[in-house]
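Data from upload00.cif: mmCIF, C-alpha atoms
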```
data_coords
#
loop_
_atom_site.label_atom_id
_atom_site.label_comp_id
_atom_site.auth_asym_id
_atom_site.auth_seq_id
_atom_site.Cartn_x
_atom_site.Cartn_y
_atom_site.Cartn_z
CA MET A 1 -1.77 70.89 2.25
CA ARG A 2 -5.42 71.83 2.71
CA GLY A 3 -7.26 72.28 -0.63
CA ASN A 4 -4.47 70.72 -2.66
CA PRO A 5 -5.99 68.09 -4.99
CA THR A 6 -2.82 65.95 -4.98
CA SER A 7 -3.12 65.71 -1.21
CA TYR A 8 -6.64 64.28 -1.55
CA LEU A 9 -5.37 61.91 -4.22
CA LEU A 10 -2.51 60.86 -1.94
CA ILE A 11 -4.93 60.16 0.91
CA ALA A 12 -7.23 58.24 -1.42
CA LEU A 13 -4.33 56.17 -2.73
CA ILE A 14 -3.15 55.38 0.80
CA LEU A 15 -6.68 54.33 1.74
CA VAL A 16 -6.90 52.11 -1.36
CA LEU A 17 -3.49 50.65 -0.49
CA VAL A 18 -4.55 49.86 3.08
CA PHE A 19 -7.88 48.44 1.90
CA SER A 20 -6.14 46.23 -0.70
CA LEU A 21 -3.55 45.04 1.83
CA PHE A 22 -6.37 44.13 4.19
CA GLY A 23 -8.18 42.35 1.33
CA ILE A 24 -5.11 40.34 0.31
CA PHE A 25 -4.52 39.28 3.93
CA ASN A 26 -8.18 38.31 4.19
CA GLU A 27 -7.97 36.18 1.01
CA ARG A 28 -4.80 34.53 2.25
CA PHE A 29 -6.41 33.82 5.62
CA LYS A 30 -9.44 32.21 3.89
CA GLU A 31 -7.15 30.00 1.78
CA LEU A 32 -5.26 28.85 4.87
CA GLN A 33 -8.52 28.14 6.68
CA GLU A 34 -9.78 26.02 3.74
CA LYS A 35 -6.51 24.08 3.68
CA GLN A 36 -6.76 23.49 7.43
CA GLU A 37 -10.35 22.22 7.08
CA LYS A 38 -9.35 19.86 4.28
CA LEU A 39 -6.57 18.43 6.43
CA THR A 40 -8.49 18.01 9.68
CA GLY A 41 -12.19 18.23 8.76
CA SER A 42 -14.28 20.94 10.29
CA ALA A 43 -15.19 20.65 13.96
CA THR A 44 -18.91 20.33 13.18
CA ASP A 45 -18.83 17.56 10.57
CA ARG A 46 -16.10 15.43 12.08
CA THR A 47 -17.30 11.84 12.49
CA LEU A 48 -15.65 8.65 13.49
CA SER A 49 -16.09 6.16 10.68
CA THR A 50 -14.15 3.94 8.37
CA GLU A 51 -14.92 2.47 5.00
CA SER A 52 -14.67 -1.24 4.27
CA ARG A 53 -13.63 -2.10 0.77
CA ALA A 54 -12.88 -5.33 -1.07
CA ALA A 55 -12.03 -5.11 -4.77
CA ILE A 56 -12.44 -8.27 -6.82
CA ASP A 57 -10.61 -8.32 -10.12
CA ARG A 58 -12.51 -9.40 -13.22
CA ILE A 59 -10.75 -12.38 -14.79
CA ILE A 60 -11.41 -14.00 -18.19
CA ALA A 61 -9.34 -16.67 -19.93
CA ILE A 62 -10.35 -18.12 -23.30
CA SER A 63 -8.72 -20.28 -25.92
CA LEU A 64 -9.38 -21.32 -29.49
CA SER A 65 -9.26 -24.97 -30.48
CA PRO A 66 -6.04 -25.74 -32.38
CA ASP A 67 -7.89 -25.95 -35.70
CA LEU A 68 -9.69 -22.66 -35.19
CA ALA A 69 -6.42 -21.04 -34.08
CA GLY A 70 -4.86 -22.34 -37.29
CA GLY A 71 -7.49 -20.62 -39.42
CA ILE A 72 -10.84 -21.47 -41.02
CA ASP A 73 -9.86 -23.46 -44.07
CA PHE A 74 -12.23 -24.22 -46.96
CA GLY A 75 -9.47 -26.03 -48.83
CA THR A 76 -9.38 -26.09 -52.61
CA ILE A 77 -12.82 -25.62 -54.13
CA THR A 78 -12.99 -27.30 -57.52
CA THR A 79 -16.69 -27.09 -58.42
CA LEU A 80 -18.25 -23.73 -59.23
CA PRO A 81 -20.67 -22.46 -58.19
CA SER A 82 -20.25 -23.98 -54.76
CA PRO A 83 -23.12 -22.93 -52.49
CA ALA A 84 -22.50 -23.43 -48.79
CA ALA A 85 -19.05 -24.97 -49.06
CA SER A 86 -18.27 -26.42 -45.66
CA ALA A 87 -15.08 -25.49 -43.78
CA LEU A 88 -12.77 -28.48 -43.42
CA GLY A 89 -13.20 -28.68 -39.65
CA ASN A 90 -17.02 -28.47 -39.66
CA ASN A 91 -17.52 -32.22 -39.70
CA TYR A 92 -14.05 -33.51 -38.98
CA VAL A 93 -15.23 -36.79 -37.48
CA THR A 94 -18.74 -37.64 -38.67
CA GLY A 95 -20.78 -34.65 -37.66
CA VAL A 96 -18.38 -33.29 -35.02
CA THR A 97 -16.91 -29.84 -35.46
CA ILE A 98 -13.40 -29.15 -34.26
CA TYR A 99 -13.86 -25.38 -34.27
CA ASP A 100 -14.52 -24.25 -30.72
CA ILE A 101 -13.80 -21.57 -28.14
CA GLU A 102 -13.38 -22.62 -24.53
CA ILE A 103 -13.58 -20.56 -21.35
CA ASP A 104 -11.05 -21.79 -18.80
CA PRO A 105 -13.22 -22.54 -15.72
CA SER A 106 -10.35 -22.29 -13.26
CA SER A 107 -9.26 -18.83 -14.49
CA THR A 108 -12.58 -17.08 -15.15
CA ASN A 109 -14.85 -15.52 -12.54
CA VAL A 110 -17.58 -13.97 -14.74
CA ASP A 111 -20.02 -15.05 -17.44
CA VAL A 112 -18.78 -14.11 -20.88
CA ASP A 113 -20.38 -12.60 -24.01
CA PHE A 114 -18.82 -13.49 -27.35
CA CYS A 115 -18.78 -11.37 -30.50
CA ILE A 116 -17.68 -12.16 -34.04
CA LYS A 117 -16.77 -10.17 -37.16
CA ALA A 118 -14.70 -10.42 -40.33
CA SER A 119 -12.13 -7.96 -41.64
CA ASN A 120 -13.53 -7.74 -45.20
CA ASP A 121 -14.71 -9.80 -48.17
CA LEU A 122 -12.55 -12.82 -49.02
CA ASP A 123 -10.10 -11.63 -51.62
CA THR A 124 -6.86 -12.59 -53.32
CA SER A 125 -3.63 -10.73 -52.76
CA PRO A 126 -3.25 -8.76 -54.95
CA SER A 127 -6.96 -8.41 -55.65
CA GLN A 128 -8.25 -9.72 -58.98
CA GLY A 129 -11.25 -7.44 -58.78
CA THR A 130 -14.00 -9.88 -57.84
CA PRO A 131 -13.92 -10.94 -54.18
CA ILE A 132 -16.12 -13.57 -52.55
CA ILE A 133 -18.59 -11.31 -50.79
CA LEU A 134 -18.99 -11.51 -47.02
CA SER A 135 -22.78 -12.00 -47.07
CA GLY A 136 -22.06 -15.48 -48.45
CA TYR A 137 -19.71 -16.30 -45.55
CA ARG A 138 -21.83 -17.70 -42.72
CA TRP A 139 -21.30 -18.98 -39.18
CA SER A 140 -23.37 -21.01 -36.77
CA ASN A 141 -22.83 -22.16 -33.20
CA ASN A 142 -24.53 -23.78 -30.21
CA THR A 143 -27.19 -21.12 -30.04
CA ILE A 144 -28.39 -21.91 -33.53
CA GLY A 145 -30.35 -25.12 -34.03
CA LEU A 146 -30.34 -25.88 -30.32
CA ILE A 147 -27.28 -28.08 -30.32
CA VAL A 148 -25.47 -28.43 -27.03
CA ASP A 149 -22.15 -29.87 -28.11
CA GLY A 150 -19.96 -30.32 -31.15
CA THR A 151 -22.26 -32.87 -32.78
CA ASN A 152 -25.54 -32.50 -34.67
CA PRO A 153 -24.65 -29.54 -36.86
CA PRO A 154 -27.07 -26.75 -37.52
CA GLY A 155 -27.19 -26.71 -41.28
CA PRO A 156 -25.98 -23.87 -43.48
CA THR A 157 -29.52 -22.58 -43.94
CA ASP A 158 -29.62 -21.71 -40.23
CA ALA A 159 -26.24 -19.97 -40.30
CA LEU A 160 -25.82 -16.18 -40.16
CA SER A 161 -23.74 -13.97 -42.45
CA LEU A 162 -20.53 -12.48 -41.11
CA ARG A 163 -20.30 -8.69 -41.03
CA THR A 164 -17.45 -6.22 -40.73
CA ASP A 165 -18.85 -4.91 -37.39
CA TYR A 166 -18.88 -7.06 -34.31
CA GLU A 167 -22.19 -8.75 -33.53
CA PRO A 168 -23.05 -10.97 -30.58
CA SER A 169 -22.44 -14.64 -31.30
CA GLN A 170 -23.31 -15.99 -27.87
CA GLU A 171 -24.26 -14.25 -24.64
CA ALA A 172 -23.75 -14.94 -20.96
CA VAL A 173 -21.74 -18.10 -21.46
CA SER A 174 -21.04 -19.75 -18.14
CA SER A 175 -17.46 -20.58 -17.22
CA SER A 176 -18.69 -23.77 -15.55
CA GLN A 177 -18.33 -27.07 -17.35
CA PRO A 178 -19.88 -28.39 -19.57
CA ASP A 179 -21.40 -25.07 -20.74
CA ASN A 180 -18.02 -23.39 -21.15
CA VAL A 181 -17.40 -24.46 -24.77
CA ILE A 182 -18.93 -22.88 -27.87
CA TYR A 183 -18.85 -24.89 -31.07
CA TYR A 184 -18.72 -23.14 -34.43
CA ARG A 185 -19.27 -24.09 -38.04
CA PHE A 186 -18.52 -21.99 -41.12
CA TYR A 187 -19.98 -22.07 -44.64
CA LEU A 188 -19.01 -20.18 -47.78
CA ASP A 189 -21.00 -19.50 -50.96
CA VAL A 190 -18.56 -19.40 -53.86
CA PRO A 191 -20.28 -18.00 -56.97
CA ALA A 192 -19.75 -19.16 -60.52
CA GLY A 193 -17.21 -17.24 -62.53
CA ILE A 194 -14.87 -16.52 -59.65
CA ARG A 195 -11.25 -16.42 -60.81
CA PRO A 196 -8.73 -18.97 -59.54
CA GLY A 197 -6.69 -17.91 -56.52
CA GLN A 198 -6.38 -18.09 -52.73
CA TYR A 199 -9.16 -15.99 -51.19
CA THR A 200 -8.50 -14.94 -47.58
CA ASN A 201 -9.54 -12.55 -44.82
CA THR A 202 -9.47 -12.53 -40.99
CA VAL A 203 -12.25 -13.54 -38.60
CA PHE A 204 -12.12 -11.86 -35.19
CA PHE A 205 -13.50 -13.36 -31.98
CA LYS A 206 -13.91 -11.05 -28.99
CA ALA A 207 -14.88 -11.94 -25.43
CA LEU A 208 -16.17 -9.52 -22.82
CA ALA A 209 -17.62 -9.90 -19.36
CA THR A 210 -21.40 -10.16 -19.29
CA ASP A 211 -22.88 -7.10 -17.65
CA PRO A 212 -25.42 -8.43 -15.12
CA LEU A 213 -27.54 -5.28 -15.58
CA THR A 214 -27.89 -5.77 -19.33
CA ASP A 215 -28.03 -9.54 -19.21
CA LEU A 216 -31.25 -9.74 -21.20
CA THR A 217 -30.28 -7.26 -23.89
CA PRO A 218 -27.85 -7.93 -26.76
CA ALA A 219 -24.21 -7.67 -25.72
CA THR A 220 -22.47 -4.40 -26.55
CA CYS A 221 -19.76 -5.66 -28.84
CA GLY A 222 -18.17 -2.34 -29.83
CA SER A 223 -16.45 -1.78 -33.15
CA MET B 1 -3.06 -58.59 -29.61
CA LYS B 2 -0.23 -56.13 -28.98
CA LYS B 3 0.00 -55.43 -32.71
CA VAL B 4 -3.72 -54.65 -32.91
CA LEU B 5 -3.44 -52.29 -29.95
CA PHE B 6 -0.41 -50.57 -31.49
CA VAL B 7 -2.21 -50.09 -34.83
CA ALA B 8 -5.31 -48.82 -33.00
CA ILE B 9 -3.26 -46.22 -31.11
CA ILE B 10 -1.55 -45.09 -34.32
CA LEU B 11 -4.91 -44.83 -36.11
CA LEU B 12 -6.39 -42.86 -33.21
CA LEU B 13 -3.49 -40.42 -33.30
CA LEU B 14 -3.85 -40.03 -37.06
CA ILE B 15 -7.59 -39.51 -36.90
CA ASN B 16 -7.55 -37.14 -33.94
CA PRO B 17 -4.18 -35.42 -33.79
CA VAL B 18 -3.60 -33.71 -30.45
CA PHE B 19 -2.46 -30.11 -30.64
CA ALA B 20 -2.18 -27.71 -27.75
CA ARG B 21 -4.88 -25.07 -27.32
CA LYS B 22 -3.76 -21.47 -27.57
CA GLY B 23 -5.41 -18.61 -25.78
CA ILE B 24 -5.09 -15.67 -23.50
CA GLY B 25 -6.30 -14.47 -20.11
CA MET B 26 -7.01 -10.91 -18.96
CA VAL B 27 -7.25 -9.49 -15.44
CA THR B 28 -9.15 -6.20 -15.19
CA HIS B 29 -8.45 -4.34 -11.96
CA THR B 30 -10.76 -1.42 -12.69
CA GLU B 31 -13.29 -0.28 -15.29
CA SER B 32 -13.50 3.31 -14.16
CA ILE B 33 -10.96 5.81 -12.89
CA VAL B 34 -11.17 9.42 -11.72
CA VAL B 35 -8.38 11.72 -12.87
CA ASP B 36 -7.67 15.36 -11.92
CA GLU B 37 -7.37 17.90 -14.72
CA GLY B 38 -3.82 18.43 -15.93
CA SER B 39 -2.55 15.24 -14.35
CA GLN B 40 -1.28 11.88 -15.52
CA LYS B 41 -2.53 8.54 -14.28
CA CYS B 42 -1.57 4.99 -15.22
CA ILE B 43 -3.51 1.75 -14.91
CA THR B 44 -2.42 -1.80 -15.58
CA TYR B 45 -4.07 -4.88 -17.05
CA GLY B 46 -2.86 -8.37 -16.19
CA VAL B 47 -2.30 -10.81 -19.04
CA PHE B 48 -1.74 -14.51 -18.45
CA ASN B 49 -1.79 -17.77 -20.35
CA PRO B 50 -2.93 -20.96 -18.59
CA TRP B 51 -2.38 -23.09 -21.72
CA ASP B 52 0.59 -25.08 -22.95
CA GLU B 53 2.09 -22.77 -25.56
CA ASP B 54 3.70 -19.34 -25.19
CA VAL B 55 1.73 -16.57 -26.90
CA ARG B 56 2.32 -12.92 -27.74
CA ALA B 57 -0.19 -10.29 -26.64
CA SER B 58 -0.69 -6.56 -27.03
CA LEU B 59 -3.21 -3.90 -26.02
CA ASP B 60 -5.58 -2.26 -28.45
CA ILE B 61 -7.61 0.78 -27.44
CA LYS B 62 -10.92 1.86 -28.97
CA GLY B 63 -13.04 4.93 -28.33
CA ASP B 64 -12.62 8.46 -26.91
CA ILE B 65 -9.89 7.44 -24.47
CA ASN B 66 -7.46 7.20 -27.39
CA SER B 67 -7.27 11.01 -27.40
CA ILE B 68 -5.79 11.19 -23.89
CA ILE B 69 -3.45 8.19 -23.92
CA THR B 70 0.23 8.99 -23.50
CA GLN B 71 1.66 5.51 -23.09
CA LYS B 72 0.55 2.02 -24.02
CA GLU B 73 2.16 -1.32 -24.75
CA THR B 74 2.00 -1.36 -28.53
CA GLN B 75 4.55 -4.08 -29.18
CA PRO B 76 3.30 -7.65 -28.61
CA LYS B 77 4.69 -9.00 -25.35
CA LEU B 78 5.62 -12.63 -24.75
CA ILE B 79 3.24 -14.29 -22.30
CA LYS B 80 4.70 -17.51 -20.98
CA ALA B 81 2.65 -20.70 -21.07
CA LEU B 82 1.12 -22.20 -17.93
CA THR B 83 0.85 -18.91 -16.05
CA THR B 84 -2.01 -18.31 -13.64
CA TYR B 85 -3.81 -15.02 -13.11
CA GLN B 86 -1.73 -14.51 -9.98
CA GLU B 87 1.36 -14.58 -12.21
CA SER B 88 0.01 -12.10 -14.78
CA THR B 89 2.29 -9.93 -16.85
CA GLU B 90 1.21 -6.32 -16.27
CA LEU B 91 0.62 -4.18 -19.37
CA GLU B 92 0.52 -0.47 -18.55
CA LEU B 93 -1.71 2.25 -19.96
CA CYS B 94 -1.15 5.92 -19.04
CA PHE B 95 -3.40 8.95 -19.56
CA PHE B 96 -2.80 12.67 -19.43
CA VAL B 97 -5.99 14.63 -18.91
CA PRO B 98 -5.76 18.23 -20.14
CA GLN B 99 -7.58 21.24 -18.61
CA VAL B 100 -11.17 20.55 -19.67
CA TYR B 101 -13.40 22.62 -17.38
CA GLN B 102 -13.76 26.37 -18.12
CA GLU B 103 -12.91 28.78 -15.28
CA LYS B 104 -14.99 31.96 -14.89
CA CYS B 105 -12.87 35.10 -14.68
CA ILE B 106 -13.08 38.92 -14.59
CA LEU B 107 -10.71 40.32 -17.25
CA GLY B 108 -8.66 37.15 -16.96
CA LEU B 109 -8.29 37.70 -13.21
CA SER B 110 -10.16 36.61 -10.08
CA CYS B 111 -11.05 33.25 -11.55
CA TYR B 112 -13.12 30.48 -10.00
CA GLN B 113 -14.23 26.98 -10.94
CA PRO B 114 -18.00 26.55 -10.47
CA CYS B 115 -18.30 22.81 -11.43
CA THR B 116 -21.93 23.23 -12.45
CA GLN B 117 -21.65 21.39 -15.78
CA GLU B 118 -21.93 17.63 -16.23
CA PRO B 119 -18.72 15.74 -15.37
CA ILE B 120 -16.62 15.11 -18.48
CA GLU B 121 -15.91 11.47 -19.26
CA TYR B 122 -13.80 9.64 -21.81
CA LYS B 123 -15.16 6.20 -22.69
CA GLY B 124 -13.69 3.32 -24.57
CA GLU B 125 -12.56 -0.26 -24.41
CA VAL B 126 -9.23 -1.93 -23.82
CA ILE B 127 -8.68 -5.15 -25.75
CA VAL B 128 -5.96 -7.69 -25.08
CA ILE B 129 -5.22 -9.29 -28.43
CA GLU B 130 -3.36 -12.51 -28.97
CA ALA B 131 -1.00 -11.76 -31.86
CA ARG B 132 -0.97 -14.55 -34.40
CA GLU B 133 0.63 -15.01 -37.79
CA GLU B 134 -0.94 -18.26 -39.04
CA SER B 135 -2.84 -18.21 -42.31
CA THR B 136 -4.78 -20.87 -44.16
CA SER B 137 -3.27 -22.94 -46.91
CA GLY B 138 -6.34 -22.70 -49.16
CA THR B 139 -9.27 -20.31 -49.35
CA GLY B 140 -10.39 -19.27 -45.88
CA SER B 141 -9.69 -17.00 -42.93
CA ALA B 142 -6.97 -16.36 -40.42
CA THR B 143 -8.42 -15.97 -36.91
CA SER B 144 -7.79 -13.46 -34.15
CA LEU B 145 -8.75 -13.69 -30.48
CA GLY B 146 -9.27 -10.78 -28.10
CA ILE B 147 -10.67 -10.07 -24.64
CA SER B 148 -12.25 -6.69 -24.12
CA SER B 149 -12.83 -4.61 -21.02
CA PRO B 150 -14.71 -1.27 -20.92
CA LEU B 151 -12.93 1.74 -19.46
CA THR B 152 -14.30 5.11 -18.37
CA VAL B 153 -11.96 7.96 -17.41
CA LYS B 154 -13.86 10.57 -15.38
CA VAL B 155 -12.29 14.00 -15.08
CA ASN B 156 -12.52 15.35 -11.56
CA CYS B 157 -13.75 18.94 -11.35
CA GLN B 158 -12.12 20.73 -8.43
CA GLU B 159 -14.51 23.47 -7.33
CA THR B 160 -12.80 26.71 -6.29
CA GLU B 161 -14.18 30.01 -4.98
CA ARG B 162 -13.46 33.32 -6.64
CA SER B 163 -10.15 34.76 -5.40
CA PHE B 164 -9.54 38.54 -5.50
CA SER B 165 -5.85 38.23 -4.55
CA GLN B 166 -4.54 39.04 -8.03
CA LEU B 167 -6.89 42.02 -8.34
CA TYR B 168 -5.80 43.37 -4.92
CA PHE B 169 -2.16 42.87 -5.87
CA ILE B 170 -2.57 44.94 -9.05
CA ILE B 171 -4.41 47.68 -7.13
CA ILE B 172 -1.58 47.73 -4.54
CA ILE B 173 1.06 48.13 -7.26
CA ILE B 174 -0.90 50.92 -8.98
CA SER B 175 -1.63 52.81 -5.75
CA MET B 176 2.01 52.47 -4.58
CA LEU B 177 3.20 53.82 -7.92
CA GLY B 178 0.73 56.72 -7.59
CA ILE B 179 1.88 57.50 -4.04
CA LEU B 180 5.55 57.37 -5.10
CA ILE B 181 4.93 59.69 -8.07
CA ILE B 182 3.05 62.22 -5.90
CA LEU B 183 5.74 62.12 -3.17
CA TYR B 184 8.53 62.41 -5.75
CA LYS B 185 6.91 65.47 -7.37
CA ARG B 186 6.32 67.04 -3.94
CA TYR B 187 9.89 66.59 -2.72
CA LYS B 188 11.26 67.76 -6.06
CA LYS B 189 9.54 71.08 -5.52
#
```
Write the structure described by the file as structure tokens, please.
Amino acid sequence: MRGNPTSYLLIALILVLVFSLFGIFNERFKELQEKQEKLTGSATDRTLSTESRAAIDRIIAISLSPDLAGGIDFGTITTLPSPAASALGNNYVTGVTIYDIEIDPSSTNVDVDFCIKASNDLDTSPSQGTPIILSGYRWSNNTIGLIVDGTNPPGPTDALSLRTDYEPSQEAVSSSQPDNVIYYRFYLDVPAGIRPGQYTNTVFFKALATDPLTDLTPATCGS
Amino acid sequence: MKKVLFVAIILLLLINPVFARKGIGMVTHTESIVVDEGSQKCITYGVFNPWDEDVRASLDIKGDINSIITQKETQPKLIKALTTYQESTELELCFFVPQVYQEKCILGLSCYQPCTQEPIEYKGEVIVIEAREESTSGTGSATSLGISSPLTVKVNCQETERSFSQLYFIIIIISMLGILIILYKRYKK
């Protein structure tokens, strides 16, 4: 056997085998030890403590007034051009709007930010090629013109154009009465030369909880 | 006198017709969840309706989280009128998070997970939308109402140490084969 290279190779292979077996047992032992530590905690860092936790759900409930839920109707416009046509509910009873959003005080436990957007220009279906462009579709609410209820309308000149991306319409609205209602008005510029038809789109209202950390910055309305 | 009162009531009803308000309520249990790689997790949102008329509501998802969603309530669900937040209808949203963190390996073996990179997050918003089909009779807009809640899904990185078990196993197989070949040749002689 002495001097035979295959004998040396055999010995080397046996040594490698033994070394690898030892290594695999060592790895397995380490894995078991880690599992044991995860289950019991190591002897050195074991402490006696418990965590107290109370999770409070975030609850928001909002509703549209019946007339706003039924849609913002400008009726039949007979005179063209018609700058700042007023939506039918803007001044339903002498200066009082019937378009509002209300936070339910008994079912809401946070202040609420509101956002508004429109789907697209007002257009007929099928389109006749010339829509009523969105920049002429304007909204106003309590925050504009310093009104505090449904009366005393901010005029159309104070109103802001609707856009196809959400923008804040009112921030940190309290769920406590009487501050829990937002009153809206809507105005539409109908240009001369617009073809007859029923021009429609969709206006979206979105509510989200006011983040107390970003209370003073504009609400993040998303897309 | 009675006639005057009757006419006054009729006029009042005509001038200010009373319709029920319609709306929706949302209960958010969590705005952030931690999910292990390669696992599925579901969360629920409560939807209720404290007003007088039944409504239909569905979930809409915006943002990165759309890419990992496996199940959501897409069909509008009937939410009964006069329900409180304690009686919410639960709408479920499930996520499957794929393997996102890269393991470090030697020739595809002896891998380990270092967890040195920034935690991976999917962000987005969950919106409960009141489904509505009304449209105006003249020129104007239909309206849509939604309540939004932000959601962040954080992917948990499970740090592991390098394991040489697979490498040892391969070495054992090779050395055993070598030993067997040498012994076979020797006994054949």
key: Atomic distance CA of Gly25 in chain B - CA of Val128 in chain B, expressed in Å with one decimal   = 8.4 Å
For Thr83 in chain B: contacts at 12 Å, all atoms listed in the file, fewer than 3 positions along chain excluded, given as a VMD selection string = (chain A and resid 61 107) or (chain B and resid 23 to 26 46 to 55 78 to 80 86 to 89)
inquiry  = Within 6 Å of chain B, which residues belong to chain A? Use only C-alpha atoms and report them as a ChimeraX atom specification.
reply    = /A:10,13,17,20,24,57-66,70-76,198-208
key: Pairwise distance for CA of Lys30 in chain A and CA of Cys157 in chain B, rounded to one decimal in Å   =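 CA of Cys157 in chain B lies 20.7 Å from CA of Lys30 in chain A.
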inquiry  = To one decimal place in Å, what is the distance between CA of Leu91 in chain B and CA of Lys41 in chain B?
reply    =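 Distance reported for this atom pair: 14.1 Å.
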message = When you count all atoms listed in the file, which of these residues is closest to Val153 in chain B: B:Cys105, B:Leu82, B:Ile120, B:Leu59?
response =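 Nearest to Val153 in chain B: B:Ile120.
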task = Name the residues in contact with range 101-103 of chain B at a cut-off of 7 Å, using only C-alpha atoms, excluding same-chain residues fewer than 4 positions from it; report them as a list in words.
result = Cys111, Tyr112 and Gln113 of chain B
ask   = Could you write out as a list of chain:residue names the residues that the PyMOL selection byres ((chain A and resi 191-194) around 8) matches in the shown file?
value =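 This file, filtered by the PyMOL selection byres ((chain A and resi 191-194) around 8), leaves A:Leu80, A:Pro81, A:Ser82, A:Pro83, A:Thr130, A:Pro131, A:Ile132, A:Asp189, A:Val190, A:Arg195, A:Pro196.
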I need the chosen residues saved as an mmCIF file, keeping the file's coordinate frame, with C-alpha atoms.
```cif
data_model
loop_
_atom_site.group_PDB
_atom_site.id
_atom_site.type_symbol
_atom_site.label_atom_id
_atom_site.label_comp_id
_atom_site.auth_asym_id
_atom_site.auth_seq_id
_atom_site.Cartn_x
_atom_site.Cartn_y
_atom_site.Cartn_z
ATOM 1 C CA LEU A 80 -18.250 -23.730 -59.230
ATOM 2 C CA PRO A 81 -20.670 -22.460 -58.190
ATOM 3 C CA SER A 82 -20.250 -23.980 -54.760
ATOM 4 C CA PRO A 83 -23.120 -22.930 -52.490
ATOM 5 C CA THR A 130 -14.000 -9.880 -57.840
ATOM 6 C CA PRO A 131 -13.920 -10.940 -54.180
ATOM 7 C CA ILE A 132 -16.120 -13.570 -52.550
ATOM 8 C CA ASP A 189 -21.000 -19.500 -50.960
ATOM 9 C CA VAL A 190 -18.560 -19.400 -53.860
ATOM 10 C CA ARG A 195 -11.250 -16.420 -60.810
ATOM 11 C CA PRO A 196 -8.730 -18.970 -59.540
#
```
inquiry  = as an MDAnalysis selection string, please: the residues near Gln158 in chain B (cut-off 9 Å, all atoms listed in the file, same-chain neighbours under 4 positions excluded).
reply    = chainID B and resid 36:37 113:115
Generate the missing atoms of range 167-180 of chain B up to N, CA and C atoms and report them as a JSON list (two decimals), in the frame of the given file.
```
[["chain", "number", "residue", "atom", "x", "y", "z"],
["B", 167, "LEU", "N", -6.34, 40.68, -8.14],
["B", 167, "LEU", "CA", -6.89, 42.02, -8.34],
["B", 167, "LEU", "C", -6.35, 42.99, -7.29],
["B", 168, "TYR", "N", -6.34, 42.55, -6.02],
["B", 168, "TYR", "CA", -5.80, 43.37, -4.92],
["B", 168, "TYR", "C", -4.33, 43.68, -5.17],
["B", 169, "PHE", "N", -3.59, 42.69, -5.64],
["B", 169, "PHE", "CA", -2.16, 42.87, -5.87],
["B", 169, "PHE", "C", -1.91, 43.96, -6.91],
["B", 170, "ILE", "N", -2.72, 43.93, -7.99],
["B", 170, "ILE", "CA", -2.57, 44.94, -9.05],
["B", 170, "ILE", "C", -2.92, 46.33, -8.51],
["B", 171, "ILE", "N", -4.01, 46.39, -7.71],
["B", 171, "ILE", "CA", -4.41, 47.68, -7.13],
["B", 171, "ILE", "C", -3.30, 48.21, -6.22],
["B", 172, "ILE", "N", -2.67, 47.32, -5.43],
["B", 172, "ILE", "CA", -1.58, 47.73, -4.54],
["B", 172, "ILE", "C", -0.43, 48.32, -5.35],
["B", 173, "ILE", "N", -0.04, 47.65, -6.41],
["B", 173, "ILE", "CA", 1.06, 48.13, -7.26],
["B", 173, "ILE", "C", 0.72, 49.51, -7.82],
["B", 174, "ILE", "N", -0.51, 49.65, -8.36],
["B", 174, "ILE", "CA", -0.90, 50.92, -8.98],
["B", 174, "ILE", "C", -0.93, 52.04, -7.94],
["B", 175, "SER", "N", -1.53, 51.75, -6.77],
["B", 175, "SER", "CA", -1.63, 52.81, -5.75],
["B", 175, "SER", "C", -0.25, 53.17, -5.20],
["B", 176, "MET", "N", 0.65, 52.16, -5.05],
["B", 176, "MET", "CA", 2.01, 52.47, -4.58],
["B", 176, "MET", "C", 2.76, 53.34, -5.58],
["B", 177, "LEU", "N", 2.57, 53.01, -6.87],
["B", 177, "LEU", "CA", 3.20, 53.82, -7.92],
["B", 177, "LEU", "C", 2.69, 55.26, -7.86],
["B", 178, "GLY", "N", 1.36, 55.39, -7.69],
["B", 178, "GLY", "CA", 0.73, 56.72, -7.59],
["B", 178, "GLY", "C", 1.29, 57.50, -6.41],
["B", 179, "ILE", "N", 1.37, 56.84, -5.26],
["B", 179, "ILE", "CA", 1.88, 57.50, -4.04],
["B", 179, "ILE", "C", 3.32, 57.94, -4.28],
["B", 180, "LEU", "N", 4.14, 57.04, -4.86],
["B", 180, "LEU", "CA", 5.55, 57.37, -5.10],
["B", 180, "LEU", "C", 5.69, 58.55, -6.05]]
```
